[in-house]
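Heads up, the thing below is written out as structure tokens.
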Number of protein chains: 2
Amino acid sequence: MITKADVEDFVLNGHLRYVPHVSIDCAIFGYHEQQLKLLLIRHKAIDGWCLPGGYIKRTEKLVEAANRNVKERTGIDNLFLQQFKTFGDPGRAKTEQFDTDKWFTATGVAITKDNWLIDQTISVGFYAITDFSKTVLQKDLLTDDCAWFDIDDIPPLEFDHDEMVREALHTLRVQLYHYPIGINMLPEKFTLSEIHVLYETLLGKKLDISNFPKKLIALGLLKKLNEKRSIGPHRSPHLYVFDQEKYTEALRNGVVLS
Amino acid sequence: MITKADVEDFVLNGHLRYVPHVSIDCAIFGYHEQQLKLLLIRHKAIDGWCLPGGYIKRTEKLVEAANRNVKERTGIDNLFLQQFKTFGDPGRAKTEQFDTDKWFTATGVAITKDNWLIDQTISVGFYAITDFSKTVLQKDLLTDDCAWFDIDDIPPLEFDHDEMVREALHTLRVQLYHYPIGINMLPEKFTLSEIHVLYETLLGKKLDISNFPKKLIALGLLKKLNEKRSIGPHRSPHLYVFDQEKYTEALRNGVVLS
DNA sequence: TTATCATTTAGTGAATTTTACTAAATAAAT
DNA sequence: ATTTATTTAGTAAAATTCACTAAATGATAA
């Protein structure tokens, strides 16, 4: 829990613990049952929705900062996380947009225009993907609101965050062909239909049903189990699991899916 | 030409004109006649070779900073330039490595350990590619040395620059399939062999000779001329040029090469 | 001067692989 | 038995690979 004293210390001494002028922003995508969503927040000192983000501790790696951020927001640790682009055009985050009055109302801590927080900032964009039904969204002292938005129904975002989302989604879709995905987003045992529709949803397009699984199986990423799922009055589909070893190896070294 | 007064002003007031804590580093690749090289520099205050880089003016975009840097080093403007990754792990640029004595000897300007230049810095990596035979390398007041190194013969680099080069080369090779390349690196009129060997050299692997050009021609990127080049006692190859319009359109929107 | 030669470009087509699509077999519950 | 979605099989089209042939060219030798 963040207290007022924490905020005060952050305003006054944050530049000693965090790297000034640099932040991260996270496009956190959430998947569940054919739906693709994006996590957005409303900051108390800013009107409108934007991507969650934050500063980087002087002791942590960029990806650790992103991971910490994502965990604080969603409660999920160690999910698929990738840097996609860094944004630094002047004027990308207009300092005039920072409403010091609003900030004071929200936190009870005064902030002046020459504070380290109100200066040109370059932001490293990360995207992450998880199962949104497993998340427990956290608001903090500085957050008015925090919610999942359907990917086709995202409101206009503050700063350059619209561009960030575009770039993040583009990178995600390109990387789908180069990294395995599914752990954390599918049940441990899943059917071919389930992983098929996961890929279709993330890519936003149809994939051929009869050839698609062959590639994953040929790569050894999927193992067929001697179990079936009962799905009512239909043929029971086989269950599959990821081959953990192949999966992590593919995460590390990449694969070619098509 | 940079004077001592310029350096003094940079040390004392640079943080007002540049964004502190953030820099760019450029992996500038050079191609010429089947050779792939990388531009390295030796900084006066640092032992060993590293990538050229610099700070970002508060008024310029990231890519503009990179372009300015590349132009200052090579004399070439507006070449193919791409952001590939941002590096920010703590300890990546050890401040102890900054030799203030060496700096003073080199510049005649004193610098203290609490100067804005000597602090944790996050660096945005760009790669560029050009024809190294057309470049005119520039040393400045802070540079001891500046030279092209064969890609297979790169000395160990300072900081995390070895990793940067690895990542840059990897991104370059991936992006070769998604962006057109060749302008500035080939003569205006070139043969299929020439562009073929360019791609092979950049990719570091063989490409099928009989199919390779078809893709470029099918995309409309190449136009066949009614001219041939005389190459001695052998059949004269046809000359080709890039279709400028298609080329720039492909640069903007990307293509799929294979 | 003419013929031969080595070498490179450029194209052809067969063999193979990949992809896209269709259809049939299968299994489960009613 | 019927219904219905899963799963596999099969096929045609497309793309790629590979090996080979033919054409072009100037140097060289006869």
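By convention here, the chains of the structure tokens are called A, B, ... in the order presented, each chain's residues are numbered starting at 1, and ligands are numbered starting at 1 in the order presented.
Within the 10 Å cut-off around DC21 (chain C), using only C-alpha atoms (C1' of nucleotides) and omitting residues fewer than 6 positions from it on the same chain, the listed residues are Asp208 and Ser210 of chain A; DT11, DA12 and DA13 of chain D.
Non-sequential neighbours of DA10 (chain C) (distance at most 9 Å, separation of 5 or more positions within a chain, only C-alpha atoms (C1' of nucleotides)) are Ser210 and Pro237 of chain B; DA22 and DA23 of chain D.
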Based on the selection just made, write C-alpha atoms (C1' of nucleotides) of those residues as a CSV table (one decimal), in the first residue's frame.
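Full text of part_31.csv as output:
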```
chain,number,residue,atom,x,y,z
B,210,SER,CA,17.9,-18.3,-60.1
B,237,PRO,CA,24.8,-8.8,-67.9
D,22,DA,C1',21.8,-22.2,-74.1
D,23,DA,C1',23.4,-17.8,-75.1
```
So that I can check the surroundings of Asn67 (chain B), please list as JSON, numbers by chain every protein, DNA and RNA residue that reaches within 10 Å of it, counting only C-alpha atoms (C1' of nucleotides) and ignoring chain neighbours fewer than 2 positions away.
{"B": [26, 61, 62, 63, 64, 65, 69, 70, 71, 72, 73, 76, 77, 78, 79, 80, 81, 82, 126, 128]}
Expected file contents, prior selection, N, CA and C atoms, as a tab-separated table (two decimals), in the first residue's frame:
```
chain	number	residue	atom	x	y	z
B	26	CYS	N	25.12	3.92	-32.36
B	26	CYS	CA	24.85	3.57	-33.75
B	26	CYS	C	25.79	2.47	-34.23
B	61	LYS	N	14.01	14.55	-32.66
B	61	LYS	CA	13.49	13.20	-32.53
B	61	LYS	C	14.66	12.23	-32.40
B	62	LEU	N	14.36	11.05	-31.87
B	62	LEU	CA	15.41	10.04	-31.70
B	62	LEU	C	16.12	9.75	-33.01
B	63	VAL	N	15.33	9.56	-34.05
B	63	VAL	CA	15.94	9.18	-35.32
B	63	VAL	C	16.74	10.33	-35.90
B	64	GLU	N	16.35	11.54	-35.57
B	64	GLU	CA	17.13	12.70	-36.03
B	64	GLU	C	18.48	12.76	-35.32
B	65	ALA	N	18.46	12.42	-34.04
B	65	ALA	CA	19.72	12.38	-33.31
B	65	ALA	C	20.65	11.32	-33.91
B	69	ASN	N	24.22	12.01	-35.81
B	69	ASN	CA	25.41	11.27	-35.41
B	69	ASN	C	26.11	10.58	-36.57
B	70	VAL	N	25.30	9.88	-37.34
B	70	VAL	CA	25.85	9.14	-38.47
B	70	VAL	C	26.46	10.10	-39.47
B	71	LYS	N	25.78	11.20	-39.69
B	71	LYS	CA	26.29	12.17	-40.66
B	71	LYS	C	27.62	12.77	-40.18
B	72	GLU	N	27.68	13.08	-38.91
B	72	GLU	CA	28.91	13.66	-38.37
B	72	GLU	C	30.10	12.69	-38.51
B	73	ARG	N	29.79	11.40	-38.41
B	73	ARG	CA	30.86	10.40	-38.46
B	73	ARG	C	31.28	10.05	-39.88
B	76	ILE	N	27.71	11.00	-44.55
B	76	ILE	CA	26.56	10.56	-45.35
B	76	ILE	C	25.26	10.94	-44.64
B	77	ASP	N	24.35	11.49	-45.42
B	77	ASP	CA	23.09	11.93	-44.86
B	77	ASP	C	21.98	10.99	-45.32
B	78	ASN	N	20.97	10.87	-44.49
B	78	ASN	CA	19.74	10.21	-44.91
B	78	ASN	C	19.92	8.78	-45.38
B	79	LEU	N	20.72	8.01	-44.70
B	79	LEU	CA	20.82	6.62	-45.11
B	79	LEU	C	19.81	5.78	-44.35
B	80	PHE	N	19.78	4.52	-44.69
B	80	PHE	CA	18.83	3.60	-44.07
B	80	PHE	C	19.15	3.48	-42.59
B	81	LEU	N	18.19	3.81	-41.74
B	81	LEU	CA	18.45	3.94	-40.32
B	81	LEU	C	17.27	3.35	-39.55
B	82	GLN	N	17.56	2.46	-38.64
B	82	GLN	CA	16.48	1.79	-37.91
B	82	GLN	C	16.83	1.63	-36.44
B	126	PHE	N	20.57	2.24	-32.66
B	126	PHE	CA	20.16	2.33	-34.06
B	126	PHE	C	21.19	1.60	-34.90
B	128	ALA	N	22.59	1.44	-39.00
B	128	ALA	CA	22.53	2.11	-40.29
B	128	ALA	C	23.37	1.32	-41.26
```
Please report as a short mmCIF file (atom, residue, chain, number, x, y, z; two decimals) with N, CA and C atoms, in the first residue's frame which residues of chain A come no farther than 7 Å from chain B, using only C-alpha atoms.
```cif
data_model
loop_
_atom_site.label_atom_id
_atom_site.label_comp_id
_atom_site.auth_asym_id
_atom_site.auth_seq_id
_atom_site.Cartn_x
_atom_site.Cartn_y
_atom_site.Cartn_z
N PRO A 20 16.05 9.45 -13.98
CA PRO A 20 15.17 10.52 -14.50
C PRO A 20 15.17 10.51 -16.03
N HIS A 21 14.18 11.11 -16.58
CA HIS A 21 14.07 11.30 -18.04
C HIS A 21 13.77 10.03 -18.82
N ARG A 58 17.22 2.55 -10.45
CA ARG A 58 18.61 2.57 -10.87
C ARG A 58 19.29 1.21 -10.72
N THR A 59 18.65 0.33 -9.95
CA THR A 59 19.26 -0.98 -9.70
C THR A 59 18.68 -2.09 -10.58
N GLU A 60 17.69 -1.77 -11.38
CA GLU A 60 17.04 -2.87 -12.10
C GLU A 60 17.22 -2.75 -13.61
N LYS A 61 17.12 -3.91 -14.26
CA LYS A 61 17.18 -3.95 -15.71
C LYS A 61 15.86 -3.43 -16.28
N LEU A 62 15.89 -3.02 -17.54
CA LEU A 62 14.68 -2.51 -18.18
C LEU A 62 13.55 -3.52 -18.09
N LYS A 85 9.73 -0.95 -28.84
CA LYS A 85 10.24 0.28 -29.44
C LYS A 85 10.41 1.34 -28.36
N THR A 86 11.28 2.29 -28.61
CA THR A 86 11.47 3.40 -27.68
C THR A 86 10.99 4.69 -28.31
N GLY A 88 10.68 8.81 -28.17
CA GLY A 88 11.38 9.94 -27.57
C GLY A 88 11.23 11.24 -28.31
N ASP A 89 10.25 11.33 -29.18
CA ASP A 89 10.11 12.57 -29.92
C ASP A 89 9.77 13.71 -28.96
N PRO A 90 10.36 14.89 -29.19
CA PRO A 90 10.06 16.01 -28.31
C PRO A 90 8.58 16.33 -28.43
#
```
Using only C-alpha atoms (C1' of nucleotides), which residues of chain B come within 7 Å of chain D, and what is the closest atom pair for each, with the distance in Å to one decimal? Give it as JSON lines, sorted by chain and residue number.
```
{"residue": "B:Gly232", "atom": "CA", "partner": "D:DG26", "partner_atom": "C1'", "distance": 5.8}
{"residue": "B:Pro233", "atom": "CA", "partner": "D:DG26", "partner_atom": "C1'", "distance": 3.7}
{"residue": "B:His234", "atom": "CA", "partner": "D:DT25", "partner_atom": "C1'", "distance": 4.3}
{"residue": "B:Arg235", "atom": "CA", "partner": "D:DA24", "partner_atom": "C1'", "distance": 4.2}
{"residue": "B:Ser236", "atom": "CA", "partner": "D:DT25", "partner_atom": "C1'", "distance": 6.5}
```
Identify every residue of chain C that has at least one atom within 7 Å of any atom of chain A, counting only C-alpha atoms (C1' of nucleotides), and report the result as a PDB file with N, CA and C atoms (P, O5', C5', C4', C3', O3' and C1' of nucleotides), in the first residue's frame.
```pdb
ATOM      1  P    DA C  27     -12.889 -43.640 -33.534  1.00  0.00           P
ATOM      2  O5'  DA C  27     -13.669 -42.745 -32.482  1.00  0.00           O
ATOM      3  C5'  DA C  27     -13.073 -41.538 -32.054  1.00  0.00           C
ATOM      4  C4'  DA C  27     -14.123 -40.685 -31.385  1.00  0.00           C
ATOM      5  C3'  DA C  27     -14.956 -41.404 -30.327  1.00  0.00           C
ATOM      6  O3'  DA C  27     -14.938 -40.593 -29.179  1.00  0.00           O
ATOM      7  C1'  DA C  27     -16.372 -40.293 -31.854  1.00  0.00           C
ATOM      8  P    DA C  28     -15.143 -41.225 -27.781  1.00  0.00           P
ATOM      9  O5'  DA C  28     -16.367 -40.355 -27.256  1.00  0.00           O
ATOM     10  C5'  DA C  28     -16.232 -38.943 -27.223  1.00  0.00           C
ATOM     11  C4'  DA C  28     -17.599 -38.330 -27.171  1.00  0.00           C
ATOM     12  C3'  DA C  28     -18.550 -39.009 -26.199  1.00  0.00           C
ATOM     13  O3'  DA C  28     -19.024 -38.042 -25.299  1.00  0.00           O
ATOM     14  C1'  DA C  28     -19.577 -38.733 -28.321  1.00  0.00           C
ATOM     15  P    DA C  29     -19.719 -38.468 -23.990  1.00  0.00           P
ATOM     16  O5'  DA C  29     -21.216 -37.981 -24.257  1.00  0.00           O
ATOM     17  C5'  DA C  29     -21.443 -36.590 -24.480  1.00  0.00           C
ATOM     18  C4'  DA C  29     -22.789 -36.424 -25.149  1.00  0.00           C
ATOM     19  C3'  DA C  29     -23.957 -37.012 -24.352  1.00  0.00           C
ATOM     20  O3'  DA C  29     -24.958 -36.026 -24.236  1.00  0.00           O
ATOM     21  C1'  DA C  29     -24.003 -37.766 -26.602  1.00  0.00           C
TER      22       DA C  29
END
```
Residues at most 12 Å from Leu176 (chain A), counting only C-alpha atoms (C1' of nucleotides), excluding those fewer than 2 positions away in the same chain, as a ChimeraX atom specification?
/A:80,82,129,169-174,178-182,198-204,250-251,254-258
Export of prior selection with N, CA and C atoms as a PDB file, in the first residue's frame:
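Produced file out_5.pdb, reproduced below:
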```pdb
ATOM      1  N   PHE A  80       4.985 -13.365 -20.630  1.00  0.00           N
ATOM      2  CA  PHE A  80       5.707 -13.090 -21.870  1.00  0.00           C
ATOM      3  C   PHE A  80       5.831 -11.582 -22.045  1.00  0.00           C
ATOM      4  N   GLN A  82       8.100  -8.354 -23.925  1.00  0.00           N
ATOM      5  CA  GLN A  82       9.056  -8.020 -24.978  1.00  0.00           C
ATOM      6  C   GLN A  82       9.142  -6.514 -25.167  1.00  0.00           C
ATOM      7  N   ILE A 129       1.655 -10.234 -22.635  1.00  0.00           N
ATOM      8  CA  ILE A 129       0.387 -10.883 -22.932  1.00  0.00           C
ATOM      9  C   ILE A 129       0.106 -11.950 -21.891  1.00  0.00           C
ATOM     10  N   LEU A 169       1.078  -3.940 -31.078  1.00  0.00           N
ATOM     11  CA  LEU A 169       0.274  -4.990 -31.696  1.00  0.00           C
ATOM     12  C   LEU A 169       0.968  -5.527 -32.942  1.00  0.00           C
ATOM     13  N   HIS A 170       1.575  -4.617 -33.679  1.00  0.00           N
ATOM     14  CA  HIS A 170       2.304  -5.047 -34.871  1.00  0.00           C
ATOM     15  C   HIS A 170       3.460  -5.976 -34.502  1.00  0.00           C
ATOM     16  N   THR A 171       4.224  -5.578 -33.494  1.00  0.00           N
ATOM     17  CA  THR A 171       5.353  -6.403 -33.070  1.00  0.00           C
ATOM     18  C   THR A 171       4.871  -7.745 -32.529  1.00  0.00           C
ATOM     19  N   LEU A 172       3.823  -7.707 -31.724  1.00  0.00           N
ATOM     20  CA  LEU A 172       3.252  -8.958 -31.203  1.00  0.00           C
ATOM     21  C   LEU A 172       2.926  -9.905 -32.337  1.00  0.00           C
ATOM     22  N   ARG A 173       2.274  -9.366 -33.381  1.00  0.00           N
ATOM     23  CA  ARG A 173       1.839 -10.238 -34.473  1.00  0.00           C
ATOM     24  C   ARG A 173       3.005 -10.776 -35.279  1.00  0.00           C
ATOM     25  N   VAL A 174       4.032  -9.957 -35.448  1.00  0.00           N
ATOM     26  CA  VAL A 174       5.225 -10.450 -36.138  1.00  0.00           C
ATOM     27  C   VAL A 174       5.903 -11.523 -35.291  1.00  0.00           C
ATOM     28  N   HIS A 178       7.684 -16.133 -34.430  1.00  0.00           N
ATOM     29  CA  HIS A 178       9.077 -16.390 -34.042  1.00  0.00           C
ATOM     30  C   HIS A 178       9.258 -16.841 -32.596  1.00  0.00           C
ATOM     31  N   TYR A 179       8.190 -16.760 -31.825  1.00  0.00           N
ATOM     32  CA  TYR A 179       8.272 -17.244 -30.447  1.00  0.00           C
ATOM     33  C   TYR A 179       7.038 -18.078 -30.134  1.00  0.00           C
ATOM     34  N   PRO A 180       7.191 -19.086 -29.292  1.00  0.00           N
ATOM     35  CA  PRO A 180       6.021 -19.862 -28.897  1.00  0.00           C
ATOM     36  C   PRO A 180       5.179 -19.030 -27.945  1.00  0.00           C
ATOM     37  N   ILE A 181       3.904 -19.299 -27.935  1.00  0.00           N
ATOM     38  CA  ILE A 181       3.019 -18.566 -27.036  1.00  0.00           C
ATOM     39  C   ILE A 181       1.905 -19.501 -26.607  1.00  0.00           C
ATOM     40  N   GLY A 182       1.329 -19.255 -25.481  1.00  0.00           N
ATOM     41  CA  GLY A 182       0.219 -20.094 -25.057  1.00  0.00           C
ATOM     42  C   GLY A 182       0.260 -20.408 -23.574  1.00  0.00           C
ATOM     43  N   LEU A 198      -6.730 -19.251 -30.305  1.00  0.00           N
ATOM     44  CA  LEU A 198      -5.836 -18.283 -29.664  1.00  0.00           C
ATOM     45  C   LEU A 198      -5.001 -17.553 -30.718  1.00  0.00           C
ATOM     46  N   TYR A 199      -4.386 -18.326 -31.579  1.00  0.00           N
ATOM     47  CA  TYR A 199      -3.568 -17.721 -32.635  1.00  0.00           C
ATOM     48  C   TYR A 199      -4.411 -16.843 -33.556  1.00  0.00           C
ATOM     49  N   GLU A 200      -5.574 -17.329 -33.899  1.00  0.00           N
ATOM     50  CA  GLU A 200      -6.430 -16.536 -34.791  1.00  0.00           C
ATOM     51  C   GLU A 200      -6.814 -15.209 -34.159  1.00  0.00           C
ATOM     52  N   THR A 201      -7.116 -15.246 -32.887  1.00  0.00           N
ATOM     53  CA  THR A 201      -7.527 -14.020 -32.209  1.00  0.00           C
ATOM     54  C   THR A 201      -6.378 -13.030 -32.113  1.00  0.00           C
ATOM     55  N   LEU A 202      -5.215 -13.529 -31.754  1.00  0.00           N
ATOM     56  CA  LEU A 202      -4.072 -12.635 -31.625  1.00  0.00           C
ATOM     57  C   LEU A 202      -3.680 -12.046 -32.974  1.00  0.00           C
ATOM     58  N   LEU A 203      -3.747 -12.877 -34.012  1.00  0.00           N
ATOM     59  CA  LEU A 203      -3.347 -12.391 -35.332  1.00  0.00           C
ATOM     60  C   LEU A 203      -4.448 -11.570 -35.989  1.00  0.00           C
ATOM     61  N   GLY A 204      -5.665 -11.745 -35.497  1.00  0.00           N
ATOM     62  CA  GLY A 204      -6.771 -11.023 -36.109  1.00  0.00           C
ATOM     63  C   GLY A 204      -7.109 -11.522 -37.493  1.00  0.00           C
ATOM     64  N   ALA A 250      12.656 -22.722 -27.318  1.00  0.00           N
ATOM     65  CA  ALA A 250      12.159 -21.901 -28.419  1.00  0.00           C
ATOM     66  C   ALA A 250      12.013 -20.438 -28.002  1.00  0.00           C
ATOM     67  N   LEU A 251      11.648 -20.233 -26.739  1.00  0.00           N
ATOM     68  CA  LEU A 251      11.564 -18.866 -26.223  1.00  0.00           C
ATOM     69  C   LEU A 251      12.932 -18.200 -26.275  1.00  0.00           C
ATOM     70  N   GLY A 254      14.208 -18.692 -30.338  1.00  0.00           N
ATOM     71  CA  GLY A 254      13.310 -18.370 -31.440  1.00  0.00           C
ATOM     72  C   GLY A 254      13.047 -19.569 -32.330  1.00  0.00           C
ATOM     73  N   VAL A 255      11.954 -19.503 -33.053  1.00  0.00           N
ATOM     74  CA  VAL A 255      11.600 -20.548 -34.000  1.00  0.00           C
ATOM     75  C   VAL A 255      11.094 -19.871 -35.272  1.00  0.00           C
ATOM     76  N   VAL A 256      10.861 -20.679 -36.275  1.00  0.00           N
ATOM     77  CA  VAL A 256      10.215 -20.162 -37.478  1.00  0.00           C
ATOM     78  C   VAL A 256       8.924 -20.932 -37.668  1.00  0.00           C
ATOM     79  N   LEU A 257       7.828 -20.220 -37.599  1.00  0.00           N
ATOM     80  CA  LEU A 257       6.544 -20.899 -37.620  1.00  0.00           C
ATOM     81  C   LEU A 257       5.978 -21.040 -39.016  1.00  0.00           C
ATOM     82  N   SER A 258       6.441 -20.241 -39.936  1.00  0.00           N
ATOM     83  CA  SER A 258       5.843 -20.332 -41.257  1.00  0.00           C
ATOM     84  C   SER A 258       6.708 -19.651 -42.304  1.00  0.00           C
TER      85      SER A 258
END
```
Could you give me, as a JSON list (two decimals) with N, CA and C atoms, in the first residue's frame, the residues within 7 Å of region 152-165 of chain A, counting only C-alpha atoms (C1' of nucleotides) and dropping anything in the same chain fewer than 4 positions from it?
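Result file follows (selection_39.json):
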```json
[["chain", "number", "residue", "atom", "x", "y", "z"],
["A", 27, "ALA", "N", 2.16, -2.09, -22.96],
["A", 27, "ALA", "CA", 0.91, -2.50, -23.60],
["A", 27, "ALA", "C", 0.65, -3.93, -23.16],
["A", 48, "GLY", "N", -8.07, 11.43, -19.26],
["A", 48, "GLY", "CA", -8.10, 10.42, -20.32],
["A", 48, "GLY", "C", -7.29, 9.18, -20.01],
["A", 49, "TRP", "N", -7.44, 8.20, -20.90],
["A", 49, "TRP", "CA", -6.84, 6.90, -20.70],
["A", 49, "TRP", "C", -5.42, 6.84, -21.27],
["A", 50, "CYS", "N", -4.60, 6.05, -20.63],
["A", 50, "CYS", "CA", -3.28, 5.80, -21.21],
["A", 50, "CYS", "C", -2.76, 4.44, -20.78],
["A", 51, "LEU", "N", -1.63, 4.06, -21.35],
["A", 51, "LEU", "CA", -1.00, 2.79, -21.00],
["A", 51, "LEU", "C", -0.39, 2.90, -19.61],
["A", 92, "ARG", "N", 6.26, 14.55, -27.15],
["A", 92, "ARG", "CA", 5.43, 13.35, -27.06],
["A", 92, "ARG", "C", 4.61, 13.34, -25.77],
["A", 93, "ALA", "N", 5.21, 13.82, -24.67],
["A", 93, "ALA", "CA", 4.47, 13.91, -23.42],
["A", 93, "ALA", "C", 4.51, 15.36, -22.99],
["A", 169, "LEU", "N", 1.08, -3.94, -31.08],
["A", 169, "LEU", "CA", 0.27, -4.99, -31.70],
["A", 169, "LEU", "C", 0.97, -5.53, -32.94]]
```
What separation in Å, quoted to one decimal, exists between CA of Asn184 (chain B) and CA of Lys134 (chain B)?
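Between CA of Asn184 (chain B) and CA of Lys134 (chain B) the gap is 8.9 Å.
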When you draw a straight line from CA of Leu219 (chain A) to CA of Glu194 (chain A), how long is it in Å?
18.2 Å
Between CA of Leu39 (chain A) and CA of Ala147 (chain A), what distance in Å does the model show, to one decimal?
5.7 Å
Filtered DSSP result for region 11-223 of chain B, state strand (DSSP E), as number ranges by chain
B: 18-32, 35-43, 49-50, 53-57, 80-87, 122-131, 143-150, 182-186, 222-223
Expected answer as a PyMOL selection string: alpha helix (DSSP H) residues in region 138-258 of chain A
chain A and resi 161-175+192-203+212-218+244-253
Hey, can you spit out that residue selection with C-alpha atoms as a PDB file, in the first residue's frame?
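Saved result, part-v6.pdb, follows:
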```pdb
ATOM      1  CA  HIS A 161       0.072   6.001 -26.642  1.00  0.00           C
ATOM      2  CA  ASP A 162      -2.114   5.368 -29.675  1.00  0.00           C
ATOM      3  CA  GLU A 163       1.025   4.925 -31.719  1.00  0.00           C
ATOM      4  CA  MET A 164       2.500   2.737 -29.000  1.00  0.00           C
ATOM      5  CA  VAL A 165      -0.460   0.390 -29.129  1.00  0.00           C
ATOM      6  CA  ARG A 166      -0.251   0.189 -32.906  1.00  0.00           C
ATOM      7  CA  GLU A 167       3.435  -0.621 -32.771  1.00  0.00           C
ATOM      8  CA  ALA A 168       3.010  -3.078 -29.910  1.00  0.00           C
ATOM      9  CA  LEU A 169       0.274  -4.990 -31.696  1.00  0.00           C
ATOM     10  CA  HIS A 170       2.304  -5.047 -34.871  1.00  0.00           C
ATOM     11  CA  THR A 171       5.353  -6.403 -33.070  1.00  0.00           C
ATOM     12  CA  LEU A 172       3.252  -8.958 -31.203  1.00  0.00           C
ATOM     13  CA  ARG A 173       1.839 -10.238 -34.473  1.00  0.00           C
ATOM     14  CA  VAL A 174       5.225 -10.450 -36.138  1.00  0.00           C
ATOM     15  CA  GLN A 175       6.756 -12.177 -33.127  1.00  0.00           C
ATOM     16  CA  LEU A 192      -6.079 -28.058 -30.855  1.00  0.00           C
ATOM     17  CA  SER A 193      -9.146 -25.880 -31.293  1.00  0.00           C
ATOM     18  CA  GLU A 194      -8.213 -23.836 -28.287  1.00  0.00           C
ATOM     19  CA  ILE A 195      -4.693 -23.057 -29.391  1.00  0.00           C
ATOM     20  CA  HIS A 196      -5.905 -22.541 -32.930  1.00  0.00           C
ATOM     21  CA  VAL A 197      -8.419 -19.923 -31.922  1.00  0.00           C
ATOM     22  CA  LEU A 198      -5.836 -18.283 -29.664  1.00  0.00           C
ATOM     23  CA  TYR A 199      -3.568 -17.721 -32.635  1.00  0.00           C
ATOM     24  CA  GLU A 200      -6.430 -16.536 -34.791  1.00  0.00           C
ATOM     25  CA  THR A 201      -7.527 -14.020 -32.209  1.00  0.00           C
ATOM     26  CA  LEU A 202      -4.072 -12.635 -31.625  1.00  0.00           C
ATOM     27  CA  LEU A 203      -3.347 -12.391 -35.332  1.00  0.00           C
ATOM     28  CA  PHE A 212      -1.817 -25.130 -38.478  1.00  0.00           C
ATOM     29  CA  PRO A 213      -1.301 -27.753 -35.757  1.00  0.00           C
ATOM     30  CA  LYS A 214       1.111 -29.743 -37.909  1.00  0.00           C
ATOM     31  CA  LYS A 215       3.716 -27.027 -37.621  1.00  0.00           C
ATOM     32  CA  LEU A 216       3.538 -26.841 -33.869  1.00  0.00           C
ATOM     33  CA  ILE A 217       3.616 -30.596 -33.559  1.00  0.00           C
ATOM     34  CA  ALA A 218       6.435 -30.896 -36.098  1.00  0.00           C
ATOM     35  CA  GLN A 244       8.273 -27.480 -21.462  1.00  0.00           C
ATOM     36  CA  GLU A 245      11.823 -28.078 -22.596  1.00  0.00           C
ATOM     37  CA  LYS A 246      11.199 -27.349 -26.257  1.00  0.00           C
ATOM     38  CA  TYR A 247       9.050 -24.406 -25.287  1.00  0.00           C
ATOM     39  CA  THR A 248      11.655 -22.641 -23.180  1.00  0.00           C
ATOM     40  CA  GLU A 249      14.322 -23.481 -25.713  1.00  0.00           C
ATOM     41  CA  ALA A 250      12.159 -21.901 -28.419  1.00  0.00           C
ATOM     42  CA  LEU A 251      11.564 -18.866 -26.223  1.00  0.00           C
ATOM     43  CA  ARG A 252      15.291 -18.438 -25.894  1.00  0.00           C
ATOM     44  CA  ASN A 253      16.404 -19.123 -29.429  1.00  0.00           C
TER      45      ASN A 253
END
```
